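Pasted below: data-v3.cif, mmCIF, C-alpha atoms.
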```cif
data_start
loop_
_atom_site.group_PDB
_atom_site.id
_atom_site.type_symbol
_atom_site.label_atom_id
_atom_site.label_comp_id
_atom_site.auth_asym_id
_atom_site.auth_seq_id
_atom_site.Cartn_x
_atom_site.Cartn_y
_atom_site.Cartn_z
ATOM 1 C CA MET A 15 41.021 15.966 53.224
ATOM 2 C CA LYS A 16 40.160 17.021 56.767
ATOM 3 C CA LYS A 17 39.445 20.755 56.650
ATOM 4 C CA ILE A 18 38.260 22.160 53.342
ATOM 5 C CA MET A 19 37.830 25.718 52.081
ATOM 6 C CA VAL A 20 35.471 26.237 49.130
ATOM 7 C CA THR A 21 35.362 29.395 46.992
ATOM 8 C CA GLY A 22 32.308 30.189 44.887
ATOM 9 C CA ALA A 23 30.313 28.156 47.377
ATOM 10 C CA LEU A 24 26.931 29.569 46.360
ATOM 11 C CA GLY A 25 27.287 28.708 42.671
ATOM 12 C CA GLN A 26 25.838 25.802 40.715
ATOM 13 C CA ILE A 27 28.450 23.292 41.870
ATOM 14 C CA GLY A 28 29.455 24.905 45.146
ATOM 15 C CA SER A 29 26.026 25.033 46.771
ATOM 16 C CA GLU A 30 25.647 21.273 46.470
ATOM 17 C CA LEU A 31 29.314 20.384 46.913
ATOM 18 C CA VAL A 32 29.440 22.099 50.301
ATOM 19 C CA GLU A 33 26.513 19.970 51.483
ATOM 20 C CA LYS A 34 28.166 16.828 50.117
ATOM 21 C CA LEU A 35 31.494 17.606 51.768
ATOM 22 C CA ARG A 36 29.864 18.417 55.101
ATOM 23 C CA SER A 37 27.975 15.139 55.026
ATOM 24 C CA VAL A 38 31.259 13.274 54.473
ATOM 25 C CA TYR A 39 33.767 15.268 56.553
ATOM 26 C CA GLY A 40 31.580 17.053 59.104
ATOM 27 C CA GLU A 41 29.748 20.377 59.005
ATOM 28 C CA ASP A 42 32.411 22.295 60.938
ATOM 29 C CA ASN A 43 35.219 21.065 58.680
ATOM 30 C CA VAL A 44 34.047 22.801 55.502
ATOM 31 C CA LEU A 45 34.387 26.575 55.165
ATOM 32 C CA ALA A 46 32.105 27.981 52.477
ATOM 33 C CA THR A 47 33.055 31.338 50.941
ATOM 34 C CA ASP A 48 31.445 33.536 48.310
ATOM 35 C CA ILE A 49 31.261 37.176 47.303
ATOM 36 C CA ARG A 50 27.730 37.375 48.674
ATOM 37 C CA LYS A 51 25.990 35.988 51.745
ATOM 38 C CA HIS A 52 23.025 33.656 51.474
ATOM 39 C CA GLU A 53 20.446 33.855 54.241
ATOM 40 C CA HIS A 54 20.005 30.076 54.381
ATOM 41 C CA THR A 55 23.713 29.210 54.646
ATOM 42 C CA ASN A 56 24.474 26.791 57.495
ATOM 43 C CA GLY A 57 27.907 25.944 58.856
ATOM 44 C CA PRO A 58 31.082 28.052 58.604
ATOM 45 C CA PHE A 59 30.748 30.832 56.019
ATOM 46 C CA GLU A 60 32.788 33.917 55.126
ATOM 47 C CA ILE A 61 32.409 36.649 52.525
ATOM 48 C CA LEU A 62 35.301 36.475 50.036
ATOM 49 C CA ASP A 63 36.091 38.234 46.775
ATOM 50 C CA VAL A 64 38.600 35.869 45.159
ATOM 51 C CA SER A 65 40.478 38.826 43.717
ATOM 52 C CA ASP A 66 41.576 39.569 47.303
ATOM 53 C CA GLY A 67 44.450 37.127 47.702
ATOM 54 C CA GLN A 68 45.418 38.333 51.166
ATOM 55 C CA LYS A 69 41.956 37.780 52.618
ATOM 56 C CA MET A 70 41.829 34.355 50.955
ATOM 57 C CA HIS A 71 45.135 33.490 52.620
ATOM 58 C CA ASP A 72 44.009 34.757 56.025
ATOM 59 C CA LEU A 73 40.718 32.855 55.926
ATOM 60 C CA ALA A 74 42.408 29.594 54.905
ATOM 61 C CA LYS A 75 45.102 29.968 57.567
ATOM 62 C CA ASP A 76 42.706 30.899 60.371
ATOM 63 C CA PHE A 77 40.438 27.981 59.469
ATOM 64 C CA GLY A 78 43.378 25.567 59.344
ATOM 65 C CA ALA A 79 42.372 24.348 55.896
ATOM 66 C CA ASP A 80 44.383 21.538 54.321
ATOM 67 C CA THR A 81 42.373 21.542 51.062
ATOM 68 C CA MET A 82 41.299 24.314 48.698
ATOM 69 C CA MET A 83 38.397 23.770 46.296
ATOM 70 C CA HIS A 84 38.334 26.768 43.979
ATOM 71 C CA LEU A 85 35.012 27.058 42.133
ATOM 72 C CA ALA A 86 34.538 30.816 41.678
ATOM 73 C CA ALA A 87 34.291 31.603 37.938
ATOM 74 C CA LEU A 88 32.105 33.011 35.185
ATOM 75 C CA LEU A 89 30.572 30.334 32.944
ATOM 76 C CA SER A 90 30.765 30.096 29.163
ATOM 77 C CA ALA A 91 27.898 32.194 27.785
ATOM 78 C CA THR A 92 28.188 34.784 30.567
ATOM 79 C CA ALA A 93 31.936 35.101 30.019
ATOM 80 C CA GLU A 94 31.410 35.863 26.323
ATOM 81 C CA LYS A 95 29.358 38.921 27.251
ATOM 82 C CA ASN A 96 32.264 40.432 29.194
ATOM 83 C CA PRO A 97 35.507 38.661 28.245
ATOM 84 C CA LEU A 98 37.884 41.073 30.009
ATOM 85 C CA PHE A 99 36.024 40.745 33.291
ATOM 86 C CA ALA A 100 35.922 36.972 32.802
ATOM 87 C CA TRP A 101 39.691 36.814 32.302
ATOM 88 C CA ASN A 102 40.393 38.933 35.374
ATOM 89 C CA LEU A 103 38.007 36.983 37.598
ATOM 90 C CA ASN A 104 38.689 33.471 36.333
ATOM 91 C CA MET A 105 42.469 33.715 36.038
ATOM 92 C CA GLY A 106 43.139 36.201 38.831
ATOM 93 C CA GLY A 107 41.080 34.203 41.289
ATOM 94 C CA LEU A 108 42.741 30.959 40.229
ATOM 95 C CA MET A 109 46.224 32.413 40.658
ATOM 96 C CA ASN A 110 45.343 33.649 44.142
ATOM 97 C CA ALA A 111 43.926 30.256 45.125
ATOM 98 C CA LEU A 112 47.005 28.436 43.831
ATOM 99 C CA GLU A 113 49.329 30.825 45.662
ATOM 100 C CA VAL A 114 47.449 30.342 48.937
ATOM 101 C CA SER A 115 47.621 26.574 48.434
ATOM 102 C CA ARG A 116 51.361 26.797 47.804
ATOM 103 C CA GLU A 117 51.974 29.007 50.830
ATOM 104 C CA LEU A 118 49.908 26.858 53.199
ATOM 105 C CA ASP A 119 50.767 23.458 51.670
ATOM 106 C CA MET A 120 47.170 22.645 50.769
ATOM 107 C CA GLN A 121 45.729 20.045 48.424
ATOM 108 C CA PHE A 122 44.010 21.814 45.532
ATOM 109 C CA PHE A 123 41.016 21.217 43.260
ATOM 110 C CA THR A 124 39.542 23.361 40.519
ATOM 111 C CA PRO A 125 37.225 22.218 37.736
ATOM 112 C CA SER A 126 38.040 22.493 34.072
ATOM 113 C CA SER A 127 35.408 21.930 31.402
ATOM 114 C CA ILE A 128 34.442 20.443 28.088
ATOM 115 C CA GLY A 129 34.793 24.084 27.021
ATOM 116 C CA ALA A 130 38.583 23.627 27.078
ATOM 117 C CA PHE A 131 38.243 21.960 23.681
ATOM 118 C CA GLY A 132 37.617 23.722 20.375
ATOM 119 C CA PRO A 133 36.403 23.123 16.815
ATOM 120 C CA SER A 134 39.693 21.495 15.777
ATOM 121 C CA THR A 135 39.459 18.910 18.575
ATOM 122 C CA PRO A 136 38.277 15.416 17.527
ATOM 123 C CA LYS A 137 34.504 15.451 18.029
ATOM 124 C CA ASP A 138 33.721 11.848 18.907
ATOM 125 C CA ASN A 139 35.344 9.864 21.718
ATOM 126 C CA THR A 140 37.536 12.919 22.334
ATOM 127 C CA PRO A 141 40.881 11.705 23.747
ATOM 128 C CA GLN A 142 42.196 12.693 27.160
ATOM 129 C CA ASP A 143 45.281 14.170 25.512
ATOM 130 C CA THR A 144 44.439 16.020 22.310
ATOM 131 C CA LEU A 145 44.469 19.390 20.578
ATOM 132 C CA GLN A 146 42.918 22.149 22.699
ATOM 133 C CA ARG A 147 42.283 25.368 20.771
ATOM 134 C CA PRO A 148 39.030 26.819 22.192
ATOM 135 C CA THR A 149 37.349 29.808 20.572
ATOM 136 C CA THR A 150 35.725 31.283 23.698
ATOM 137 C CA MET A 151 37.193 33.282 26.582
ATOM 138 C CA TYR A 152 35.826 30.653 28.980
ATOM 139 C CA GLY A 153 37.649 27.930 27.066
ATOM 140 C CA VAL A 154 40.862 29.939 26.959
ATOM 141 C CA ASN A 155 40.595 30.391 30.734
ATOM 142 C CA LYS A 156 40.124 26.663 31.250
ATOM 143 C CA VAL A 157 43.096 25.645 29.103
ATOM 144 C CA ALA A 158 45.285 28.241 30.798
ATOM 145 C CA GLY A 159 44.001 27.020 34.153
ATOM 146 C CA GLU A 160 44.875 23.406 33.404
ATOM 147 C CA LEU A 161 48.402 24.432 32.425
ATOM 148 C CA LEU A 162 48.762 26.684 35.447
ATOM 149 C CA CYS A 163 47.718 23.891 37.813
ATOM 150 C CA ASP A 164 50.210 21.544 36.140
ATOM 151 C CA TYR A 165 52.869 24.224 36.591
ATOM 152 C CA TYR A 166 52.167 24.562 40.323
ATOM 153 C CA PHE A 167 52.400 20.794 40.713
ATOM 154 C CA ASN A 168 55.620 20.443 38.730
ATOM 155 C CA ARG A 169 57.298 23.631 39.960
ATOM 156 C CA PHE A 170 56.148 23.838 43.581
ATOM 157 C CA GLY A 171 54.786 20.381 44.399
ATOM 158 C CA VAL A 172 51.221 21.592 45.038
ATOM 159 C CA ASP A 173 48.903 18.564 44.910
ATOM 160 C CA THR A 174 46.653 19.959 42.192
ATOM 161 C CA ARG A 175 43.784 17.931 40.730
ATOM 162 C CA GLY A 176 40.887 18.621 38.380
ATOM 163 C CA VAL A 177 38.275 17.243 36.012
ATOM 164 C CA ARG A 178 36.830 18.473 32.734
ATOM 165 C CA PHE A 179 33.149 18.661 33.554
ATOM 166 C CA PRO A 180 30.559 18.216 30.815
ATOM 167 C CA GLY A 181 27.220 20.004 31.151
ATOM 168 C CA LEU A 182 25.968 19.592 34.721
ATOM 169 C CA ILE A 183 22.286 19.020 35.420
ATOM 170 C CA SER A 184 20.774 19.736 38.828
ATOM 171 C CA TYR A 185 17.369 20.341 40.378
ATOM 172 C CA ALA A 186 18.822 22.184 43.384
ATOM 173 C CA THR A 187 20.251 25.298 41.733
ATOM 174 C CA PRO A 188 18.966 27.328 38.769
ATOM 175 C CA PRO A 189 20.964 27.616 35.523
ATOM 176 C CA GLY A 190 24.003 29.867 35.809
ATOM 177 C CA GLY A 191 24.822 31.085 32.310
ATOM 178 C CA GLY A 192 26.312 27.988 30.750
ATOM 179 C CA THR A 193 25.825 26.784 27.184
ATOM 180 C CA THR A 194 24.499 23.414 28.358
ATOM 181 C CA ASP A 195 21.913 24.995 30.666
ATOM 182 C CA TYR A 196 19.103 24.136 28.251
ATOM 183 C CA ALA A 197 19.296 20.640 29.711
ATOM 184 C CA VAL A 198 18.346 22.089 33.106
ATOM 185 C CA GLU A 199 15.793 24.628 31.905
ATOM 186 C CA ILE A 200 13.890 22.026 29.906
ATOM 187 C CA TYR A 201 12.862 20.171 33.079
ATOM 188 C CA TYR A 202 11.589 23.343 34.770
ATOM 189 C CA LYS A 203 9.536 24.324 31.731
ATOM 190 C CA ALA A 204 8.225 20.784 31.269
ATOM 191 C CA ILE A 205 6.676 20.897 34.731
ATOM 192 C CA GLU A 206 5.614 24.551 34.736
ATOM 193 C CA GLN A 207 4.390 24.985 31.149
ATOM 194 C CA GLY A 208 4.428 21.605 29.434
ATOM 195 C CA LYS A 209 6.656 23.002 26.689
ATOM 196 C CA TYR A 210 10.140 24.351 26.106
ATOM 197 C CA THR A 211 11.855 26.390 23.393
ATOM 198 C CA SER A 212 15.448 25.261 23.003
ATOM 199 C CA TYR A 213 18.191 27.719 22.105
ATOM 200 C CA ILE A 214 20.317 24.734 20.993
ATOM 201 C CA LYS A 215 19.334 23.213 17.648
ATOM 202 C CA GLU A 216 18.135 19.661 17.127
ATOM 203 C CA GLY A 217 20.923 17.156 16.571
ATOM 204 C CA THR A 218 23.506 19.003 18.700
ATOM 205 C CA TYR A 219 25.101 16.373 20.918
ATOM 206 C CA MET A 220 26.892 17.405 24.101
ATOM 207 C CA ASP A 221 28.200 15.453 27.063
ATOM 208 C CA MET A 222 26.225 15.766 30.296
ATOM 209 C CA MET A 223 26.320 14.565 33.888
ATOM 210 C CA TYR A 224 23.852 14.573 36.766
ATOM 211 C CA MET A 225 25.084 16.556 39.757
ATOM 212 C CA PRO A 226 25.255 13.640 42.244
ATOM 213 C CA ASP A 227 27.767 11.925 39.942
ATOM 214 C CA ALA A 228 29.755 15.156 39.590
ATOM 215 C CA LEU A 229 29.996 15.626 43.348
ATOM 216 C CA GLN A 230 31.076 12.042 43.930
ATOM 217 C CA ALA A 231 33.692 12.408 41.204
ATOM 218 C CA ILE A 232 35.282 15.336 43.051
ATOM 219 C CA VAL A 233 35.444 13.427 46.330
ATOM 220 C CA SER A 234 36.776 10.277 44.658
ATOM 221 C CA LEU A 235 39.494 12.158 42.783
ATOM 222 C CA MET A 236 40.616 14.079 45.860
ATOM 223 C CA GLU A 237 40.775 10.883 47.920
ATOM 224 C CA ALA A 238 42.701 8.967 45.227
ATOM 225 C CA ASP A 239 46.291 7.878 45.799
ATOM 226 C CA SER A 240 48.472 10.629 44.365
ATOM 227 C CA SER A 241 50.958 8.110 42.985
ATOM 228 C CA ASN A 242 48.272 6.734 40.644
ATOM 229 C CA LEU A 243 47.541 10.085 38.996
ATOM 230 C CA ILE A 244 49.183 10.775 35.667
ATOM 231 C CA HIS A 245 46.997 13.530 34.262
ATOM 232 C CA ARG A 246 45.872 15.499 37.338
ATOM 233 C CA ASN A 247 44.709 18.658 35.450
ATOM 234 C CA ALA A 248 42.332 17.643 34.154
ATOM 235 C CA PHE A 249 40.515 14.355 33.583
ATOM 236 C CA ASN A 250 37.793 13.867 30.977
ATOM 237 C CA ILE A 251 34.637 12.665 32.749
ATOM 238 C CA THR A 252 31.071 12.232 31.517
ATOM 239 C CA ALA A 253 27.966 10.140 32.038
ATOM 240 C CA MET A 254 25.919 10.573 28.858
ATOM 241 C CA SER A 255 25.775 12.342 25.504
ATOM 242 C CA PHE A 256 22.459 13.469 24.036
ATOM 243 C CA GLU A 257 20.773 16.111 21.878
ATOM 244 C CA PRO A 258 17.602 18.091 22.699
ATOM 245 C CA SER A 259 15.042 15.758 21.121
ATOM 246 C CA GLN A 260 16.379 12.805 23.115
ATOM 247 C CA ILE A 261 15.918 14.520 26.460
ATOM 248 C CA ALA A 262 12.447 15.611 25.301
ATOM 249 C CA ALA A 263 11.596 11.992 24.478
ATOM 250 C CA GLU A 264 12.521 10.923 28.005
ATOM 251 C CA ILE A 265 10.446 13.719 29.517
ATOM 252 C CA LYS A 266 7.429 12.643 27.418
ATOM 253 C CA LYS A 267 7.510 9.250 29.146
ATOM 254 C CA HIS A 268 6.510 11.101 32.319
ATOM 255 C CA ILE A 269 4.719 14.149 30.840
ATOM 256 C CA PRO A 270 3.107 12.882 27.601
ATOM 257 C CA HIS A 271 1.811 16.295 26.479
ATOM 258 C CA PHE A 272 5.278 17.917 26.651
ATOM 259 C CA ARG A 273 6.265 19.834 23.503
ATOM 260 C CA LEU A 274 9.729 20.895 22.368
ATOM 261 C CA ASP A 275 10.290 23.818 19.974
ATOM 262 C CA TYR A 276 13.441 25.534 18.769
ATOM 263 C CA LYS A 277 14.642 29.138 18.569
ATOM 264 C CA VAL A 278 18.392 28.887 18.150
ATOM 265 C CA ASP A 279 20.683 31.380 19.894
ATOM 266 C CA PRO A 280 23.599 31.867 17.454
ATOM 267 C CA VAL A 281 26.114 32.676 20.219
ATOM 268 C CA ARG A 282 25.406 29.642 22.372
ATOM 269 C CA GLN A 283 24.956 27.408 19.325
ATOM 270 C CA ALA A 284 28.395 28.430 18.055
ATOM 271 C CA ILE A 285 29.877 27.553 21.447
ATOM 272 C CA ALA A 286 28.111 24.187 21.460
ATOM 273 C CA ASP A 287 29.283 23.426 17.922
ATOM 274 C CA SER A 288 32.885 24.002 18.981
ATOM 275 C CA TRP A 289 32.691 21.361 21.734
ATOM 276 C CA PRO A 290 33.008 17.559 21.470
ATOM 277 C CA ASN A 291 30.038 15.253 20.972
ATOM 278 C CA SER A 292 31.408 12.674 23.408
ATOM 279 C CA LEU A 293 34.456 12.312 25.650
ATOM 280 C CA ASN A 294 36.812 9.386 26.190
ATOM 281 C CA ILE A 295 36.971 8.805 29.970
ATOM 282 C CA GLU A 296 39.377 5.859 30.108
ATOM 283 C CA ALA A 297 42.087 7.830 31.940
ATOM 284 C CA ALA A 298 39.742 8.746 34.801
ATOM 285 C CA GLN A 299 38.497 5.172 35.016
ATOM 286 C CA ALA A 300 42.023 3.723 35.090
ATOM 287 C CA GLU A 301 43.730 6.244 37.369
ATOM 288 C CA TRP A 302 41.094 6.747 40.092
ATOM 289 C CA GLY A 303 38.145 4.513 39.314
ATOM 290 C CA PHE A 304 35.667 7.061 37.975
ATOM 291 C CA LYS A 305 32.154 5.711 37.482
ATOM 292 C CA ALA A 306 28.811 7.439 36.842
ATOM 293 C CA GLU A 307 25.575 6.015 38.253
ATOM 294 C CA TYR A 308 22.999 8.031 36.284
ATOM 295 C CA ASP A 309 22.066 7.674 32.618
ATOM 296 C CA LEU A 310 19.512 9.866 30.819
ATOM 297 C CA ALA A 311 16.469 7.788 31.809
ATOM 298 C CA LYS A 312 17.424 7.496 35.501
ATOM 299 C CA MET A 313 18.358 11.180 35.700
ATOM 300 C CA THR A 314 15.126 12.335 34.037
ATOM 301 C CA GLU A 315 12.964 10.373 36.446
ATOM 302 C CA ASP A 316 14.844 11.753 39.454
ATOM 303 C CA MET A 317 14.937 15.334 38.129
ATOM 304 C CA LEU A 318 11.204 15.472 37.489
ATOM 305 C CA THR A 319 10.383 13.929 40.863
ATOM 306 C CA LYS A 320 12.643 16.280 42.826
ATOM 307 C CA LEU A 321 11.726 19.380 40.809
ATOM 308 C CA LYS A 322 7.989 18.850 41.273
ATOM 309 C CA VAL A 323 8.489 18.853 45.042
ATOM 310 C CA LYS A 324 10.747 21.895 44.894
ATOM 311 C CA LEU A 325 8.370 23.928 42.733
ATOM 312 C CA GLN A 326 5.366 22.982 44.861
ATOM 313 C CA GLN A 327 7.187 24.104 47.987
ATOM 314 C CA LYS A 328 8.171 27.356 46.295
ATOM 315 C CA ALA A 329 4.552 28.002 45.262
ATOM 316 C CA ILE A 330 3.327 27.436 48.823
ATOM 317 C CA SER A 331 5.925 29.756 50.338
#
```

Output the file's structure in the form of structure tokens.
Amino acid sequence: MKKIMVTGALGQIGSELVEKLRSVYGEDNVLATDIRKHEHTNGPFEILDVSDGQKMHDLAKDFGADTMMHLAALLSATAEKNPLFAWNLNMGGLMNALEVSRELDMQFFTPSSIGAFGPSTPKDNTPQDTLQRPTTMYGVNKVAGELLCDYYFNRFGVDTRGVRFPGLISYATPPGGGTTDYAVEIYYKAIEQGKYTSYIKEGTYMDMMYMPDALQAIVSLMEADSSNLIHRNAFNITAMSFEPSQIAAEIKKHIPHFRLDYKVDPVRQAIADSWPNSLNIEAAQAEWGFKAEYDLAKMTEDMLTKLKVKLQQKAIS
């Protein structure tokens, strides 16, 4: 990767990935694009609606991009509120990004998700290759996306790569409509109010990952020797699996008075129940050396430290 174009650059992953990529490859070598402009955006930035394939092509060509990182998408819970719009955005945008990558001979990355699995998938130590019959529009999009990326690799030789992200936890960006977002919200509420009401019921295990590990995983996969990759689209990756009371217990080590309550959201709980409890990541470890640095305890300490600073700065401003 030398010159990288990122779609959905202001989203949960994109806003931090752009910074990561610019720190590694140089600020001027990463073009951030999104449907809206952010006043604090530094470095090359262009407005882009990913449904506009021609503009996507022109921006990539003019920039001289050799890599496309396509992140623009609606997340799980948000997609369920408007499934037709989600299909058109998620799949239409992906098709445009793949076509541009084919036309300009670009390396390609797009994330899949734990949401690509469904209730009939093995719940524990979920295999890399297994039954995928999701029951959400988001999950259907992700399975179709994995297959489409495989098709572009096999049919056209596009160097497509991807990972199945678990829930991603970050202090830098607010929750974006995902089912696993309770694991982000809980830290905010712990600091601001000393309590949190979870919309996910006690005992519901889901895989999670701290954002620094997620960003490094993208870079490591994209830099991996292509000849070593068997699965490409997409690798199971994860760092930890926990349920709400376990994250609350870790928070209490730093905020002893913290209290966790429950008011279950049936829609998001049904989505969570359809996903695996834990993923098998042996393929990612073997094929490109995936490794996570943060466990629940290390992540919680870092999240609370960074969030306190962020919220104090916000209060002052």

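Every protein, DNA or RNA residue with an atom at most 10 Å from Asp195 (chain A), where all atoms listed in the file count and chain neighbours fewer than 3 positions away do not, is listed here: A:Ala91, A:Gly181, A:Leu182, A:Ile183, A:Ser184, A:Pro188, A:Pro189, A:Gly190, A:Gly191, A:Gly192, A:Val198, A:Glu199, A:Ile200, A:Tyr213, A:Ile214.
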
Residues picked by the PyMOL selection byres ((chain A and resi 57) around 6) here, as a PDB file with C-alpha atoms, in the frame of the given file?
```pdb
ATOM      1  CA  GLU A  41      29.748  20.377  59.005  1.00  0.00           C
ATOM      2  CA  ASN A  56      24.474  26.791  57.495  1.00  0.00           C
ATOM      3  CA  PRO A  58      31.082  28.052  58.604  1.00  0.00           C
TER       4      PRO A  58
END
```

- Query: Restricting the calculation to only C-alpha atoms, which member of A:Thr314, A:Ser29, A:Asn250, A:Thr92 is positioned closest to Ala204 (chain A)?
  - Reply: A:Thr314

Name all residues at most 12 Å from Ala306 (chain A) (count all atoms listed in the file; drop same-chain ones fewer than 4 positions away) and give them as a PDB file with C-alpha atoms, in the coordinates of the input.
```
ATOM      1  CA  MET A 222      26.225  15.766  30.296  1.00  0.00           C
ATOM      2  CA  MET A 223      26.320  14.565  33.888  1.00  0.00           C
ATOM      3  CA  TYR A 224      23.852  14.573  36.766  1.00  0.00           C
ATOM      4  CA  MET A 225      25.084  16.556  39.757  1.00  0.00           C
ATOM      5  CA  PRO A 226      25.255  13.640  42.244  1.00  0.00           C
ATOM      6  CA  ASP A 227      27.767  11.925  39.942  1.00  0.00           C
ATOM      7  CA  ALA A 228      29.755  15.156  39.590  1.00  0.00           C
ATOM      8  CA  LEU A 229      29.996  15.626  43.348  1.00  0.00           C
ATOM      9  CA  GLN A 230      31.076  12.042  43.930  1.00  0.00           C
ATOM     10  CA  ALA A 231      33.692  12.408  41.204  1.00  0.00           C
ATOM     11  CA  ILE A 232      35.282  15.336  43.051  1.00  0.00           C
ATOM     12  CA  SER A 234      36.776  10.277  44.658  1.00  0.00           C
ATOM     13  CA  ILE A 251      34.637  12.665  32.749  1.00  0.00           C
ATOM     14  CA  THR A 252      31.071  12.232  31.517  1.00  0.00           C
ATOM     15  CA  ALA A 253      27.966  10.140  32.038  1.00  0.00           C
ATOM     16  CA  MET A 254      25.919  10.573  28.858  1.00  0.00           C
ATOM     17  CA  ILE A 295      36.971   8.805  29.970  1.00  0.00           C
ATOM     18  CA  ALA A 298      39.742   8.746  34.801  1.00  0.00           C
ATOM     19  CA  GLN A 299      38.497   5.172  35.016  1.00  0.00           C
ATOM     20  CA  LEU A 310      19.512   9.866  30.819  1.00  0.00           C
ATOM     21  CA  LYS A 312      17.424   7.496  35.501  1.00  0.00           C
ATOM     22  CA  MET A 313      18.358  11.180  35.700  1.00  0.00           C
TER      23      MET A 313
END
```

- Message: Report, in Å to a single decimal, how far apart CA of Asn294 (chain A) and CA of Ser134 (chain A) are.
- Response: 16.2 Å

- Excluding Tyr276 (chain A) and any residue of its chain fewer than 5 positions from it, enumerate the residues within 10 Å of it, using all atoms listed in the file, and give them as a list in words.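 After dropping sequence-adjacent residues, the list is Tyr210, Thr211, Ser212, Tyr213, Ile214, Lys215, Glu216 and Pro258 of chain A.
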
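Within the file as shown, the PyMOL selection byres ((chain A and resi 261) around 10) identifies Ala197, Ile200, Tyr201, Phe256, Glu257, Pro258, Ser259, Gln260, Ala262, Ala263, Glu264, Ile265, Lys266, Leu274, Leu310, Ala311 and Thr314 of chain A.
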
Write out, as a CSV table (one decimal), in the frame of the given file, the residues just selected, with C-alpha atoms.
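So part-v9.csv came out as:
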```csv
chain,number,residue,atom,x,y,z
A,197,ALA,CA,19.3,20.6,29.7
A,200,ILE,CA,13.9,22.0,29.9
A,201,TYR,CA,12.9,20.2,33.1
A,256,PHE,CA,22.5,13.5,24.0
A,257,GLU,CA,20.8,16.1,21.9
A,258,PRO,CA,17.6,18.1,22.7
A,259,SER,CA,15.0,15.8,21.1
A,260,GLN,CA,16.4,12.8,23.1
A,262,ALA,CA,12.4,15.6,25.3
A,263,ALA,CA,11.6,12.0,24.5
A,264,GLU,CA,12.5,10.9,28.0
A,265,ILE,CA,10.4,13.7,29.5
A,266,LYS,CA,7.4,12.6,27.4
A,274,LEU,CA,9.7,20.9,22.4
A,310,LEU,CA,19.5,9.9,30.8
A,311,ALA,CA,16.5,7.8,31.8
A,314,THR,CA,15.1,12.3,34.0
```

- Task: Could you check how far CA of His84 (chain A) sits from CA of Ser240 (chain A), in Å to one decimal?
- Result: 19.1 Å

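Nearest residue to Asp239 (chain A), choosing from A:Val157, A:Asp119, A:Trp302, A:Thr150 and counting only C-alpha atoms: A:Trp302.
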
Region 257-275 of chain A: axis-aligned bounding box, 5 Å on each side, centre and edge lengths in Å, one decimal, as lines of an AutoDock Vina configuration file:
```
center_x = 11.3
center_y = 16.5
center_z = 26.1
size_x = 29.0
size_y = 24.6
size_z = 22.3
```

- Query: With distances taken over all atoms listed in the file, which of A:Glu160, A:Asp287, A:Glu237, A:Asp66 is nearest to Pro133 (chain A)?
  - Reply: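 When distances to Pro133 (chain A) are compared using all atoms listed in the file, the smallest one comes from A:Asp287.
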
- Message: Using all atoms listed in the file for the distances, tell me which of A:Arg273, A:Lys320, A:Arg282, A:Lys17 is nearest to Glu94 (chain A).
- Response: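 Selected residue with least distance to Glu94 (chain A): A:Arg282.
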
- Sphere at (36.4, 20.4, 29.1), radius 8 Å, counting only C-alpha atoms: residues as a count of residues only: 13

- Note on the structure: The residue from A:Asn102, A:Asp63, A:Asn110, A:Leu235 with the smallest atom-to-atom distance to Lys305 (chain A), counting only C-alpha atoms, is A:Leu235

- Query: At what distance in Å, to one decimal, does CA of Val278 (chain A) lie from CA of Tyr219 (chain A)?
  - Reply: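 That distance, rounded to one decimal, is 14.5 Å.
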
Identify, on the basis of all atoms listed in the file, every residue whose closest approach to Gln207 (chain A) does not exceed 9 Å; exclude the query and any residue fewer than 4 positions from it along the same chain; express the result as a PDB file with C-alpha atoms, keeping the file's coordinate frame.
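As a result, around.pdb now contains:
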```
ATOM      1  CA  TYR A 202      11.589  23.343  34.770  1.00  0.00           C
ATOM      2  CA  LYS A 203       9.536  24.324  31.731  1.00  0.00           C
ATOM      3  CA  PHE A 272       5.278  17.917  26.651  1.00  0.00           C
TER       4      PHE A 272
END
```

- Message: Expand the PyMOL selection byres ((chain A and resi 137) around 12) into the explicit residue set it covers here, and present it as JSON, numbers by chain.
- Response: {"A": [128, 131, 132, 133, 134, 135, 136, 138, 139, 140, 141, 144, 145, 146, 218, 219, 220, 221, 255, 286, 287, 288, 289, 290, 291, 292, 293, 294]}

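Checking A:Leu45, A:Leu89, A:Ala300, A:Ile269 one by one against Thr194 (chain A), counting only C-alpha atoms, you find the shortest gap at A:Leu89.
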
For region 231-236 of chain A, supply N, CA and C atoms and format the output as a tab-separated table (two decimals), in the coordinates of the input.
```tsv
chain	number	residue	atom	x	y	z
A	231	ALA	N	32.44	12.42	41.96
A	231	ALA	CA	33.69	12.41	41.20
A	231	ALA	C	34.74	13.28	41.88
A	232	ILE	N	34.34	14.45	42.37
A	232	ILE	CA	35.28	15.34	43.05
A	232	ILE	C	35.86	14.66	44.29
A	233	VAL	N	34.98	14.08	45.10
A	233	VAL	CA	35.44	13.43	46.33
A	233	VAL	C	36.37	12.25	46.00
A	234	SER	N	35.98	11.45	45.02
A	234	SER	CA	36.78	10.28	44.66
A	234	SER	C	38.15	10.68	44.14
A	235	LEU	N	38.21	11.70	43.30
A	235	LEU	CA	39.49	12.16	42.78
A	235	LEU	C	40.37	12.70	43.90
A	236	MET	N	39.81	13.48	44.79
A	236	MET	CA	40.62	14.08	45.86
A	236	MET	C	41.10	13.05	46.87
```
